[in-house]
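Visitor: Can you read through this structure? Questions will come right after.
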Amino acid sequence: MNKGDHLFLVDGSGFIFRAFHAIPALNRKSDGLPVNAVSGFCNMLWKLLRDARNTDVGVTPTHLAVIFDYSSTTFRKEIYPLYKANRSAPPEDLIPQFGLIRHATRAFNLPCIETEGFEADDIIATYARQAEAVGADVTIVSSDKDLMQLVSANVHMYDAMKDKQISIPDVIEKWGVPPEKMIDLQALTGDSTDNVPGIPGIGPKTAAQLLEEFGDLETLLERAGEIKQVKRRENIVANAELARVSRQLVELRTDVPLEMKLEDLVLEPQDGPKLIGFLKAMEFTTLTRRVAETCDCDAGAIEAAVVPVEWGDAAHGPDLDLRSVSADQPTMAQSAPGATTSNTASGKAPADLARQRAESLAGKPIDRSRYVTIRDIETLELWLAAARETGVVAFDTESTSLDPMQADLVGVSFAIQDNVLSPGSTDIRAAYVPLGHRSGVGDLLGGGHAEGQIPMAAALAAMKGLLEDPAVLKVVQNLKYDYLIMKRYGIVLQSFDDTMLMSYVLDAGKGNHGMDTLSQRWLGHTPIAFKDVTGSGKSSVTFDLVDIDRATTYAAEDADVTLRLWLVLKPRLAAEGLTRIYERLERPLVPVLAHMEERGITVDRQILSRLSGELAQKAAAAEDEVYALAGERFNIGSPKQLGDILFGRMGLPGGSKTKTGQWSTSAQVLEDLAAEGAPLPRKIVDWRQLTKLKSTYTDALPGYVHPQTKRVHTGYSLASTTTGRLSSSEPNLQNIPVRTAEGRKIRTAFISTPGHKLLSADYSQIELRVLAHVADIPQLRQAFADGIDIHAMTASEMFGVPVEGMPSEVRRRAKAINFGIIYGISAFGLANQLSIERSEAGDYIKKYFERFPGIKDYMEATKAFAREKGYVETIFGRRAHYPEIKSSNPSMRAFNERAAINAPIQGSAADIIRRAMIQIEPALAASGLAERCRMLLQVHDELIFEVEDEAVDAAMPVIVDVMENAAMPAVSMRVPLKVDARAANNWDEAH
DNA sequence: GTCCGACCGTA
DNA sequence: TTACGGTCGGACG
C-alpha cells in the first residue's frame with residue numbers, strides 16, 4: 001500500500017445492528033428467514049463499491065476490508081469484569097443474519113476479518129494506523145463514536161446510512177473536543193451501552209469543558225481540587241480510579257496481531273456470478289438485477305447459491321404472514337401524464353409507465369457534483385428558457401424560517417430534465433440561485449450581503465414570468481409553503497403539482513409524506529439533512545448564513561429529488577385511478593389554505609391577559625386547597641407524584657393503570673373517586689382545567705401574534721391525517737375550548753376587525769348523515785329528511801321510549817352509541833364512555849344492530865374491503881390505507897378494523913368540507929362578495945369567515961348554499977346536508 | 001437539548 | 001369507540 005491509496009474499513013458488526021433496527025423486520029425471504037440486516041448490508045456495500053464517488057466520501061477505495069467482532073470475551077473483560085455486562089442477547093431475528101453477512105462479504109469477494117480476543121474496533125484501529133503510517137488515506141465506514149478517536153487528517157469516518165462523512169471538524173462540532181481527546185472525554189462520560197463507568201454526573205458538555213481547561217484526563221485528575229463546583233469536584237476526586245479504568249476500556253488497541261497484511265486487502269475485481277448466486281439465494285431481486293446489469297451477467301442463467309443458515313439456539317421458523325396487499329388493476333382510461341421525456345414509453349398502459357419509472361429511478365445515482373450556482377442574470381435567463389422549453393420544472397425556496405409568514409427568501413433552486421441543455425440526455429440538472437445570503441464574518445451585525453448574488457429584485461422580476469406562466473408546470477414538494485413565501489414577494493405561482501400531496505393521495509396511511517421519507521422510499525437516496533447544513537441547537541444558523549457552495553448542494557438536491565419524485569408519482573396517479581382526487585380535491589386546496597393562513601385572525605391580547613390573571617388566581621386557590629386536603633405540598637402536574645399521594649399515602653382505590661404500569665390519574669378516574677365522596681380528586685380536576693386553559697391557551701396564544709400583521713396565523717397541514725382531515729398547528733386553532741363555560745371565554749378573544757363580523761357556519765351531524773348515506777339506513781334517512789333530533793330518534797327506536805318527554809339520560813346513552821358506531825364501536829369502549837358494565841354495553845350494541853341491521857352489514861362489508869384491498873375509500877374515492885389490518889395481533893387488528901370503519905365516514909365528511917372550501921371563493925366572487933367576505937379558519941365541520949357588517953346578510957346564504965350542496969355533482973347524497981350559520985363580534989357568540 | 005408518556009383541548 | 005396537536009414532567013444524554 002502506498003501514498004494515494006485509499007483503504008476502506010467497514011465496521012461490519014456496527015453495521016449489522018444499525019441495519020437490523022433501521023430496516024423493518026418485515027423484510028424476509030419467502031421461507032420466513034429474516035434478512036433485513038443482510039439486505040441493508042448488501043445494498044450499502046454495493047453502493048460503496050459502485051458509486052462511492054457520488055457519496056459524501058467522494059472517492060473509490062483501492063483496498064477494503066469488512067471487520068467483525070469475534071464472539072468471545074476480550075481483553076477488556078479482564079480489565080473490568082463488568083464491561084458490556086449489561087448487554088442482553090441479540091434479538092432472535094438477528095441471530096441467523098450474523099453468519100449470512102459473513103457469507104455476503106465473501107460473495108462480494110471482500111476480506112472478512114475477525115480476531116479472537118479483540119473487538120472489531122481494535123482491528124480497525126490497527127489497520128487505520130498502519131495505513132496512515134504509509135501515507136494512505138483511510139475511510140472507516142461506521143458512525144460509532146468509539147471510533148472517532150481515530151479520526152485524523154488522513155483518517156475519516158463515513159456514516160453510510162446518512163451518507164455523511166465525519167472529519168475532524170465534525171468530531172469537534174459534535175463532542176466539543178478534537179479526535180485525539182475523545183479517549184479522555186469518553187473516560188469521563190462513560191458509556192451506558194458498554195457499561196463503561198466514567199464519572200457520575202459528567203456528560204459530554206462538562207467533559208469537553210474540563211478537558212478544555214485542564215488539557216487532558218491525567219492533569220484533570222491530578223488538579224481536580226481546583227474545580228469550583230463542589231459536587232463536581234467531589235465526584236471527580238472520588239471516582240478518579242474509575243475514570244482511569246474507563247480510559248483503558250475506551251482506548252482502542254493499535255497492536256492487534258493480524259493475519260492479513262495491508263497489501264492483502266487490495267480490492268479484487270467483482271466476481272459477478274458468485275455475487276448474483278448469493279443475492280438470488282437471499283431473494284434480493286432489485287440488487288440482483290442491478291448487479292447483473294453492471295457486470296453484464298445473465299442473472300436468469302445463474303443458480304441461487306446454497307447458503308447455510310445458523311439459526312442460533314432459539315428454535316425459530318417462518319412465522320410471519322407474508323401476504324402482501326394485492327396490487328390494483330390498472331385503469332386504462334386515462335392517458336399517461338408526465339410524458340415529457342424522450343425515454344417515456346408512449347402507448348403503454350399507465351401502470352406500465354408507473355412501474356418503469358419507479359424501477360428506473362430507484363437507486364439511480366444522484367450526482368451532486370453537477371449542481372451549479374447561478375450568480376448572474378444571464379445564466380438565470382438561460383435556465384428559465386430551458387425550463388420553459390421542457391415545460392416542467394421543479395422549484396424550491398430556501399428561507400430563514402419554517403414559518404412562511406415570517407420567512408425571508410434566501411434563495412431558490414430549480415431542476416429540469418436535461419434533454420434541453422444536453423439533447424438526448426435523460427439526466428436531471430439542478431441549480432441554486434442564492435439571493436439573500438450574508439457572510440457570517442466581518443462586522444458585528446451578523447455580516448453583510450454576500451458577494452456573487454443576483455440582486456433580489458432583478459431575479460424575482462426575471463423569474464416571475466415563468467413561475468406565473470400557466471404553460472409551465474412547477475413541481476414543488478409541500479407547495480403551500482413556497483406558494484406563501486413567493487406570494488409575499490409578489491409572485492403568485494400558477495400551474496403546479498405538489499409531490500407531497502401526490503404521495504398523500506396515493507399512500508395515505510403508509511407513513512408520512514416528507515421529502516426525506518419519499519426520497520428513501522422511491523429513490524433509495526438520503527438527501528442531505530437540513531441540520532447538517534445549518535447545524536442544530538444553539539450553534540445552528542439561519543440559512544442565509546450558510547456558505548453558498550454548501551447551500552447549493554443542499555438546495556439543488558431538494559429540487560432534483562422533487563423532480564425525480566414527480567416522475568415516479570405522477571404516472572402512479574393515473575395508474576391507480578386517483579388523478580381526479582388529486583386534481584379536484586387536493587391540489588386546488590393549496591392556494592385556498594395559503595390565503596387563509598395569510599389572512600390570520602385577530603386575537604384580543606387584553607382579553608387573554610385578563611383571563612390569564614383570573615385563571616392564575618383560581619388555580620392558585622385550587623392549589624392551596626389541594627395541598628390542604630393532601631396534607632403536603634407536591635407537584636400536582638406530575639401524574640407520578642399525584643398517583644403516589646392518592647393511591648399510596650391516602651390509600652384511595654386505584655382505577656385503571658396506564659400502559660407503563662402507573663396508576664392512572666385521568667379525569668375519568670378522578671371523577672369516579674369524587675363520586676365516591678373524596679374531596680381531593682374534584683379539586684385536582686378543577687386545578688387541571690384551570691392550568692390547562694392558562695398554559696395551552698391564554699398564555700400561549702399571544703406569543704403567536706404576528707409582529708407586523710398583529711394577527712394569529714395558524715398553519716394547516718394537508719397531508720398529516722390518514723382520513724383526509726386537515727390539521728392545524730402553531731397554534732392549533734382546531735382545539736380552542738368550547739365545552740365548558742370557563743373554556744368558552746377564550747373564544748371571546750377571537751374577534752372581528754372593526755366594521756366586520758365573524759361568521760361561523762357549521763355542518764349539523766355531518767358524520768351521522770354520511771353514515772346514513774353510505775349504509776343506507778331507512779330510519780336514519782327518514783329522520784334527517786324530517787329534521788328530527790337524531791339521538792332522540794335512536795333512543796326511541798332502541799328503548800321504545802317516545803321522543804316527547806324523553807329523559808335526558810336515555811338520550812345521552814343513545815348519543816354515545818351513535819358516536820360509538822362512527823368510531824367502529826366495541827363493548828369495551830362504549831362501557832368506558834358510559835361508565836357501565838361491559839356486558840350492558842354489549843347488550844346495547846346488540847340491540848342497536850337488531851334495530852339497524854344495515855349498519856352491521858356496512859361495517860362487515862367495510863372490514864372485508866379493507867382486508868382485501870389494504871385500504872378503504874370515501875364516497876369520493878379518496879383512499880386511506882391500513883397495512884396492519886391483517887395483523888396477527890388481535891388488539892392491533894381490531895384497532896385497524898375500527899379505524900377502517902371510521903375512515904370512510906370521517907373522510908367523506910372531510911372531503912365534503914374540502915369541496916365546499918374550494919368552491920366558496922369563486923361563489924363569493926360571483927356574488928361580488930370576494931373582497932367583503934373572507935374565509936379564515938376551518939375546524940373540521942365548521943368554517944369561520946370575516947365579513948363586512950353590511951355584507952353579512954348577502955354572504956350567509958351563499959356560504960350555506962355552497963356548503964349544503966358541496967357533495968354535488970360528484971355524489972348525490974341520500975340525506976340532505978344541513979348547515980347552521982351565525983355572525984357576531986367574536987367566535988364565542990358566532991358559534 | 002431531545003425524546004416519550006400522560007393528560008387533555010377539539011371535531 | 002375515530003382523528004388530531006400542545007404542554008408538562010421526567011428520563012436520557
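We label chains A, B, ... in the order they appear in the C-alpha cells, count residues from 1 in each chain, and number ligands from 1 in the order shown.
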Quick check: residues of chain A within 8 Å of chain B, only C-alpha atoms (C1' of nucleotides), returned as a list in words.
Guide: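 My answer is Gly537, Pro639, Ser666, Lys692, Gln734, Asn735, Ile736, Pro737, Val939, His940 and Asp941 of chain A.
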Visitor: Give as an MDAnalysis selection string every residue of chain A that touches chain C within 7 Å, counting only C-alpha atoms (C1' of nucleotides).
Guide: chainID A and resid 638 696 727 729 732 820 823:826 829:830 899 902
Visitor: Deliver the residues from the most recent selection as a file, using N, CA, C and O atoms, as an mmCIF file, in the first residue's frame.
Guide:
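Generated output (again.cif):
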```
data_model
loop_
_atom_site.group_PDB
_atom_site.id
_atom_site.type_symbol
_atom_site.label_atom_id
_atom_site.label_comp_id
_atom_site.auth_asym_id
_atom_site.auth_seq_id
_atom_site.Cartn_x
_atom_site.Cartn_y
_atom_site.Cartn_z
ATOM 1 N N SER A 638 -47.550 16.505 38.178
ATOM 2 C CA SER A 638 -46.851 15.258 37.923
ATOM 3 C C SER A 638 -47.762 14.076 38.228
ATOM 4 O O SER A 638 -48.057 13.791 39.379
ATOM 5 N N THR A 696 -52.077 26.339 27.884
ATOM 6 C CA THR A 696 -52.222 25.993 26.471
ATOM 7 C C THR A 696 -52.836 27.125 25.654
ATOM 8 O O THR A 696 -52.577 27.231 24.463
ATOM 9 N N SER A 727 -55.096 19.279 9.556
ATOM 10 C CA SER A 727 -54.738 19.521 10.946
ATOM 11 C C SER A 727 -54.176 20.929 11.017
ATOM 12 O O SER A 727 -53.764 21.498 10.006
ATOM 13 N N SER A 729 -51.748 23.752 13.330
ATOM 14 C CA SER A 729 -50.729 23.844 14.370
ATOM 15 C C SER A 729 -50.095 25.228 14.368
ATOM 16 O O SER A 729 -50.206 25.983 13.416
ATOM 17 N N ASN A 732 -52.540 25.561 17.202
ATOM 18 C CA ASN A 732 -53.659 24.717 16.799
ATOM 19 C C ASN A 732 -54.944 25.498 17.071
ATOM 20 O O ASN A 732 -55.287 25.750 18.216
ATOM 21 N N GLY A 820 -70.297 6.080 19.031
ATOM 22 C CA GLY A 820 -69.571 4.818 19.041
ATOM 23 C C GLY A 820 -69.615 4.115 17.698
ATOM 24 O O GLY A 820 -68.607 3.591 17.229
ATOM 25 N N TYR A 823 -67.226 5.445 15.376
ATOM 26 C CA TYR A 823 -65.839 5.122 15.738
ATOM 27 C C TYR A 823 -65.544 3.633 15.630
ATOM 28 O O TYR A 823 -64.499 3.171 16.085
ATOM 29 N N GLY A 824 -66.464 2.843 15.098
ATOM 30 C CA GLY A 824 -66.223 1.403 14.985
ATOM 31 C C GLY A 824 -66.389 0.718 16.315
ATOM 32 O O GLY A 824 -65.505 0.020 16.813
ATOM 33 N N ILE A 825 -67.510 0.909 16.897
ATOM 34 C CA ILE A 825 -67.847 0.566 18.285
ATOM 35 C C ILE A 825 -67.277 -0.763 18.801
ATOM 36 O O ILE A 825 -67.112 -1.715 18.057
ATOM 37 N N SER A 826 -66.939 -0.763 20.108
ATOM 38 C CA SER A 826 -66.661 -2.012 20.819
ATOM 39 C C SER A 826 -67.354 -1.916 22.173
ATOM 40 O O SER A 826 -67.557 -0.813 22.698
ATOM 41 N N GLY A 829 -65.208 -0.050 24.704
ATOM 42 C CA GLY A 829 -65.171 1.403 24.574
ATOM 43 C C GLY A 829 -66.461 2.055 25.016
ATOM 44 O O GLY A 829 -66.447 3.083 25.711
ATOM 45 N N LEU A 830 -67.565 1.487 24.626
ATOM 46 C CA LEU A 830 -68.851 2.075 24.996
ATOM 47 C C LEU A 830 -69.047 2.007 26.506
ATOM 48 O O LEU A 830 -69.524 2.969 27.122
ATOM 49 N N ALA A 899 -60.567 1.658 12.933
ATOM 50 C CA ALA A 899 -60.119 2.829 12.178
ATOM 51 C C ALA A 899 -60.616 2.764 10.733
ATOM 52 O O ALA A 899 -61.008 3.777 10.149
ATOM 53 N N ASN A 902 -64.165 3.739 10.597
ATOM 54 C CA ASN A 902 -64.342 5.177 10.812
ATOM 55 C C ASN A 902 -63.898 6.008 9.603
ATOM 56 O O ASN A 902 -64.517 7.034 9.278
#
```
Visitor: As an exercise, work out the distance from CA of Leu409 in chain A to CA of Met515 in chain A in Å and give it to one decimal place.
Guide: 20.0 Å
Visitor: Enumerate, as a ChimeraX atom specification, the complete set of residues in range 527-623 of chain A that a backbone-based DSSP assignment places in alpha helix (DSSP H).
Guide: /A:530-534,548-575,579-580,589-599,605-623
